[in-house]
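Take a look at the structure below.
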Amino acid sequence: MKIDLSSIAKSINRELTEEAEISLSSFQSRLGDFPIVRKAPVVFHIRNEENAAVFLDATVDIEVMIPCARCLEDVRTPIRFDIDKKLSVRDEGLVDEEMEEPDYLIGLELDVDKLVYAEILVNWPMRVLCHDDCKGICKVCGMNLNKGACSCQRTELDPRMAAIQDIFNKFKEV
């Protein structure tokens with residue numbers, strides 16, 4: 001969805017509230033494609049101060065399906081963040097001073113989906129777990145250890161002791 005900011009950019013000390021739907025159905029990045037399962041409309045509070053700057057304030061509240069870092073089961077992850085932008089009013093339109101060329105601003109038009117995408121990218125969680133005591137997956141067979149135990153050998157040998165282990169194995173054969 002796009003919001004036309006021309007009326008607010010040309011009106012000194014005017015305030016406007018605009019509700020916009022997020023049309024993104026998934027978040028795509030180099031990490032993968034993550035479906036957005038819940039999204040609330042974004043309510044933008046836009047104000048022009050002294051015809052020098054336009055301020056955008058909004059809160060985004062979405063839920064994304066992200067795989068658990070240990071067991072790879074999908075986890076419904078809430079992502080909530082605030083958008084707080086200051087746009088300078090220029091002859092050619094609005095300019096974000098923090099970014100060289102923002103793709104969410106085209107003249108006096110705000111592309112809500114591109115702005116939300118950029119903010120999701122910045123606010124993406126570092127690590128998602130299905131629960132704090134997640135057991136993960138077996139390194140040998142790949143079974144989810146939260147659902148049950150597997151029959152694989154779990155003792156991991158220190159690689160520095162491999163030569164000594166070979167000696168013990170030779171003595172067992174004798």
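Within each chain, counting starts at residue 1; across the structure tokens, chains are named A, B, ... in the order shown, with ligands numbered 1 upward in that order.
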
Please extract the residues of chain A with a backbone DSSP assignment of strand (DSSP E) and present them as a PDB file with C-alpha atoms, in the first residue's frame.
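For reference, part_26.pdb as written:
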ATOM      1  CA  LYS A   2       1.133   3.518  -0.716  1.00  0.00           C
ATOM      2  CA  ILE A   3       0.366   6.685   1.234  1.00  0.00           C
ATOM      3  CA  ASP A   4       0.356  10.046  -0.521  1.00  0.00           C
ATOM      4  CA  GLU A  15      -1.109  16.351  11.590  1.00  0.00           C
ATOM      5  CA  LEU A  16      -2.632  13.305   9.952  1.00  0.00           C
ATOM      6  CA  THR A  17      -3.438   9.754  11.008  1.00  0.00           C
ATOM      7  CA  GLU A  18      -3.443   7.141   8.269  1.00  0.00           C
ATOM      8  CA  GLU A  19      -4.130   3.406   8.582  1.00  0.00           C
ATOM      9  CA  ALA A  20      -2.395   1.093   6.116  1.00  0.00           C
ATOM     10  CA  SER A  26       6.001 -13.547   3.662  1.00  0.00           C
ATOM     11  CA  PHE A  27       9.384 -12.134   4.558  1.00  0.00           C
ATOM     12  CA  GLN A  28      12.042 -13.135   2.038  1.00  0.00           C
ATOM     13  CA  SER A  29      15.745 -12.736   2.698  1.00  0.00           C
ATOM     14  CA  GLY A  32      14.937 -18.047   3.491  1.00  0.00           C
ATOM     15  CA  ASP A  33      11.241 -17.410   3.000  1.00  0.00           C
ATOM     16  CA  PHE A  34       9.280 -16.931   6.228  1.00  0.00           C
ATOM     17  CA  PRO A  35       5.454 -16.768   6.101  1.00  0.00           C
ATOM     18  CA  ILE A  36       3.751 -13.906   7.920  1.00  0.00           C
ATOM     19  CA  VAL A  37       0.829 -15.569   9.714  1.00  0.00           C
ATOM     20  CA  ARG A  38      -0.654 -12.517  11.447  1.00  0.00           C
ATOM     21  CA  LYS A  39      -0.418  -8.838  10.681  1.00  0.00           C
ATOM     22  CA  VAL A  42      -0.248  -0.092  10.739  1.00  0.00           C
ATOM     23  CA  VAL A  43      -1.525   3.246  12.028  1.00  0.00           C
ATOM     24  CA  PHE A  44       0.780   6.061  10.948  1.00  0.00           C
ATOM     25  CA  HIS A  45       0.836   9.369  12.823  1.00  0.00           C
ATOM     26  CA  ILE A  46       2.264  11.901  10.397  1.00  0.00           C
ATOM     27  CA  ARG A  47       2.998  15.500  11.279  1.00  0.00           C
ATOM     28  CA  ASN A  48       4.626  18.450   9.541  1.00  0.00           C
ATOM     29  CA  GLU A  49       6.643  20.722  11.799  1.00  0.00           C
ATOM     30  CA  ALA A  53      10.410  18.149   8.574  1.00  0.00           C
ATOM     31  CA  VAL A  54       7.724  15.478   8.356  1.00  0.00           C
ATOM     32  CA  PHE A  55       7.684  12.959  11.202  1.00  0.00           C
ATOM     33  CA  LEU A  56       6.358   9.400  10.765  1.00  0.00           C
ATOM     34  CA  ASP A  57       5.433   7.399  13.860  1.00  0.00           C
ATOM     35  CA  ALA A  58       3.898   3.922  13.794  1.00  0.00           C
ATOM     36  CA  THR A  59       3.953   0.552  15.524  1.00  0.00           C
ATOM     37  CA  VAL A  60       4.128  -2.667  13.522  1.00  0.00           C
ATOM     38  CA  ASP A  61       2.827  -5.881  15.081  1.00  0.00           C
ATOM     39  CA  ILE A  62       3.230  -9.112  13.087  1.00  0.00           C
ATOM     40  CA  GLU A  63       3.837 -12.828  13.658  1.00  0.00           C
ATOM     41  CA  VAL A  64       6.225 -14.787  11.478  1.00  0.00           C
ATOM     42  CA  MET A  65       6.890 -18.531  11.288  1.00  0.00           C
ATOM     43  CA  ILE A  66      10.616 -19.000  11.973  1.00  0.00           C
ATOM     44  CA  PRO A  67      12.362 -22.381  12.434  1.00  0.00           C
ATOM     45  CA  ASP A  74       8.406 -23.805  12.974  1.00  0.00           C
ATOM     46  CA  VAL A  75       7.821 -21.330  15.797  1.00  0.00           C
ATOM     47  CA  ARG A  76       5.169 -18.617  15.689  1.00  0.00           C
ATOM     48  CA  THR A  77       7.332 -15.583  16.521  1.00  0.00           C
ATOM     49  CA  PRO A  78       5.855 -12.168  17.322  1.00  0.00           C
ATOM     50  CA  ILE A  79       7.823  -9.238  15.936  1.00  0.00           C
ATOM     51  CA  ARG A  80       6.815  -5.823  17.212  1.00  0.00           C
ATOM     52  CA  PHE A  81       8.695  -2.622  16.533  1.00  0.00           C
ATOM     53  CA  ASP A  82       8.210   1.112  16.305  1.00  0.00           C
ATOM     54  CA  ILE A  83       8.847   3.178  13.216  1.00  0.00           C
ATOM     55  CA  ASP A  84      10.158   6.653  13.967  1.00  0.00           C
ATOM     56  CA  LYS A  85      11.325   8.535  10.881  1.00  0.00           C
ATOM     57  CA  LYS A  86      12.206  12.159  10.291  1.00  0.00           C
ATOM     58  CA  LEU A  87      11.893  13.236   6.677  1.00  0.00           C
ATOM     59  CA  SER A  88      13.213  16.596   5.540  1.00  0.00           C
ATOM     60  CA  VAL A  89      11.047  18.678   3.218  1.00  0.00           C
ATOM     61  CA  ARG A  90      12.895  19.634   0.030  1.00  0.00           C
ATOM     62  CA  GLY A  93      10.090  15.917  -2.249  1.00  0.00           C
ATOM     63  CA  LEU A  94      10.777  14.269   1.076  1.00  0.00           C
ATOM     64  CA  VAL A  95      14.263  13.052   1.961  1.00  0.00           C
ATOM     65  CA  ASP A  96      15.318  10.654   4.726  1.00  0.00           C
ATOM     66  CA  LEU A 105      10.093   7.034  -0.591  1.00  0.00           C
ATOM     67  CA  ILE A 106       9.318   8.029  -4.159  1.00  0.00           C
ATOM     68  CA  GLU A 109       4.703   8.857  -1.815  1.00  0.00           C
ATOM     69  CA  LEU A 110       5.413   6.395   1.003  1.00  0.00           C
ATOM     70  CA  ASP A 111       5.520   2.682   0.119  1.00  0.00           C
TER      71      ASP A 111
END

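For segment 62-129 of chain A, the set of residues given alpha helix (DSSP H) by DSSP on the backbone reads Val112, Asp113, Lys114, Leu115, Val116, Tyr117, Ala118, Glu119, Ile120, Leu121, Val122 and Asn123 of chain A.
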
Output for the residues just chosen: N, CA and C atoms as a PDB file, in the first residue's frame:
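And here's out.pdb as it stands now:
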ATOM      1  N   VAL A 112       4.467   1.627   2.027  1.00  0.00           N
ATOM      2  CA  VAL A 112       4.385   1.036   3.361  1.00  0.00           C
ATOM      3  C   VAL A 112       5.076  -0.324   3.407  1.00  0.00           C
ATOM      4  N   ASP A 113       4.869  -1.162   2.395  1.00  0.00           N
ATOM      5  CA  ASP A 113       5.453  -2.501   2.401  1.00  0.00           C
ATOM      6  C   ASP A 113       6.980  -2.459   2.376  1.00  0.00           C
ATOM      7  N   LYS A 114       7.554  -1.563   1.601  1.00  0.00           N
ATOM      8  CA  LYS A 114       9.021  -1.465   1.545  1.00  0.00           C
ATOM      9  C   LYS A 114       9.588  -0.937   2.859  1.00  0.00           C
ATOM     10  N   LEU A 115       8.877   0.001   3.481  1.00  0.00           N
ATOM     11  CA  LEU A 115       9.313   0.515   4.780  1.00  0.00           C
ATOM     12  C   LEU A 115       9.236  -0.575   5.839  1.00  0.00           C
ATOM     13  N   VAL A 116       8.133  -1.322   5.870  1.00  0.00           N
ATOM     14  CA  VAL A 116       7.970  -2.402   6.850  1.00  0.00           C
ATOM     15  C   VAL A 116       9.006  -3.490   6.614  1.00  0.00           C
ATOM     16  N   TYR A 117       9.258  -3.846   5.349  1.00  0.00           N
ATOM     17  CA  TYR A 117      10.271  -4.863   5.030  1.00  0.00           C
ATOM     18  C   TYR A 117      11.639  -4.450   5.573  1.00  0.00           C
ATOM     19  N   ALA A 118      12.025  -3.195   5.338  1.00  0.00           N
ATOM     20  CA  ALA A 118      13.334  -2.710   5.809  1.00  0.00           C
ATOM     21  C   ALA A 118      13.417  -2.740   7.334  1.00  0.00           C
ATOM     22  N   GLU A 119      12.317  -2.414   7.998  1.00  0.00           N
ATOM     23  CA  GLU A 119      12.316  -2.426   9.458  1.00  0.00           C
ATOM     24  C   GLU A 119      12.305  -3.847  10.021  1.00  0.00           C
ATOM     25  N   ILE A 120      11.635  -4.779   9.340  1.00  0.00           N
ATOM     26  CA  ILE A 120      11.678  -6.185   9.776  1.00  0.00           C
ATOM     27  C   ILE A 120      13.112  -6.689   9.684  1.00  0.00           C
ATOM     28  N   LEU A 121      13.780  -6.329   8.615  1.00  0.00           N
ATOM     29  CA  LEU A 121      15.169  -6.753   8.406  1.00  0.00           C
ATOM     30  C   LEU A 121      16.059  -6.296   9.563  1.00  0.00           C
ATOM     31  N   VAL A 122      15.854  -5.087  10.030  1.00  0.00           N
ATOM     32  CA  VAL A 122      16.652  -4.544  11.137  1.00  0.00           C
ATOM     33  C   VAL A 122      16.256  -5.176  12.473  1.00  0.00           C
ATOM     34  N   ASN A 123      14.979  -5.505  12.634  1.00  0.00           N
ATOM     35  CA  ASN A 123      14.472  -6.015  13.911  1.00  0.00           C
ATOM     36  C   ASN A 123      14.330  -7.536  13.946  1.00  0.00           C
TER      37      ASN A 123
END

Between segment 62-115 of chain A and segment 140-153 of chain A, at 10 Å or less, what are the per-residue closest atom pairs and their distances in Å? Count only C-alpha atoms, order by chain and rising residue number, and return it as CSV.
residue,atom,partner,partner_atom,distance
A:Arg70,CA,A:Asn144,CA,9.1
A:Cys71,CA,A:Asn144,CA,6.0
A:Leu72,CA,A:Asn144,CA,8.5
A:Glu73,CA,A:Asn144,CA,8.7

Restricting the output to C-alpha atoms, write the selected residues as a PDB file, in the first residue's frame.
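Contents of the output file again11.pdb:
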ATOM      1  CA  ARG A  70      17.899 -26.251  17.609  1.00  0.00           C
ATOM      2  CA  CYS A  71      15.161 -28.589  16.333  1.00  0.00           C
ATOM      3  CA  LEU A  72      14.057 -26.747  13.147  1.00  0.00           C
ATOM      4  CA  GLU A  73      10.336 -26.909  14.074  1.00  0.00           C
TER       5      GLU A  73
END

Of A:Ala69, A:Cys138, A:Met99, A:Ile12, the one sitting nearest Glu50 of chain A when using only C-alpha atoms is A:Ile12

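Nearest to Cys68 of chain A of all the residues A:Lys170, A:Lys139, A:Arg160, A:Arg127 is A:Arg127, counting only C-alpha atoms.
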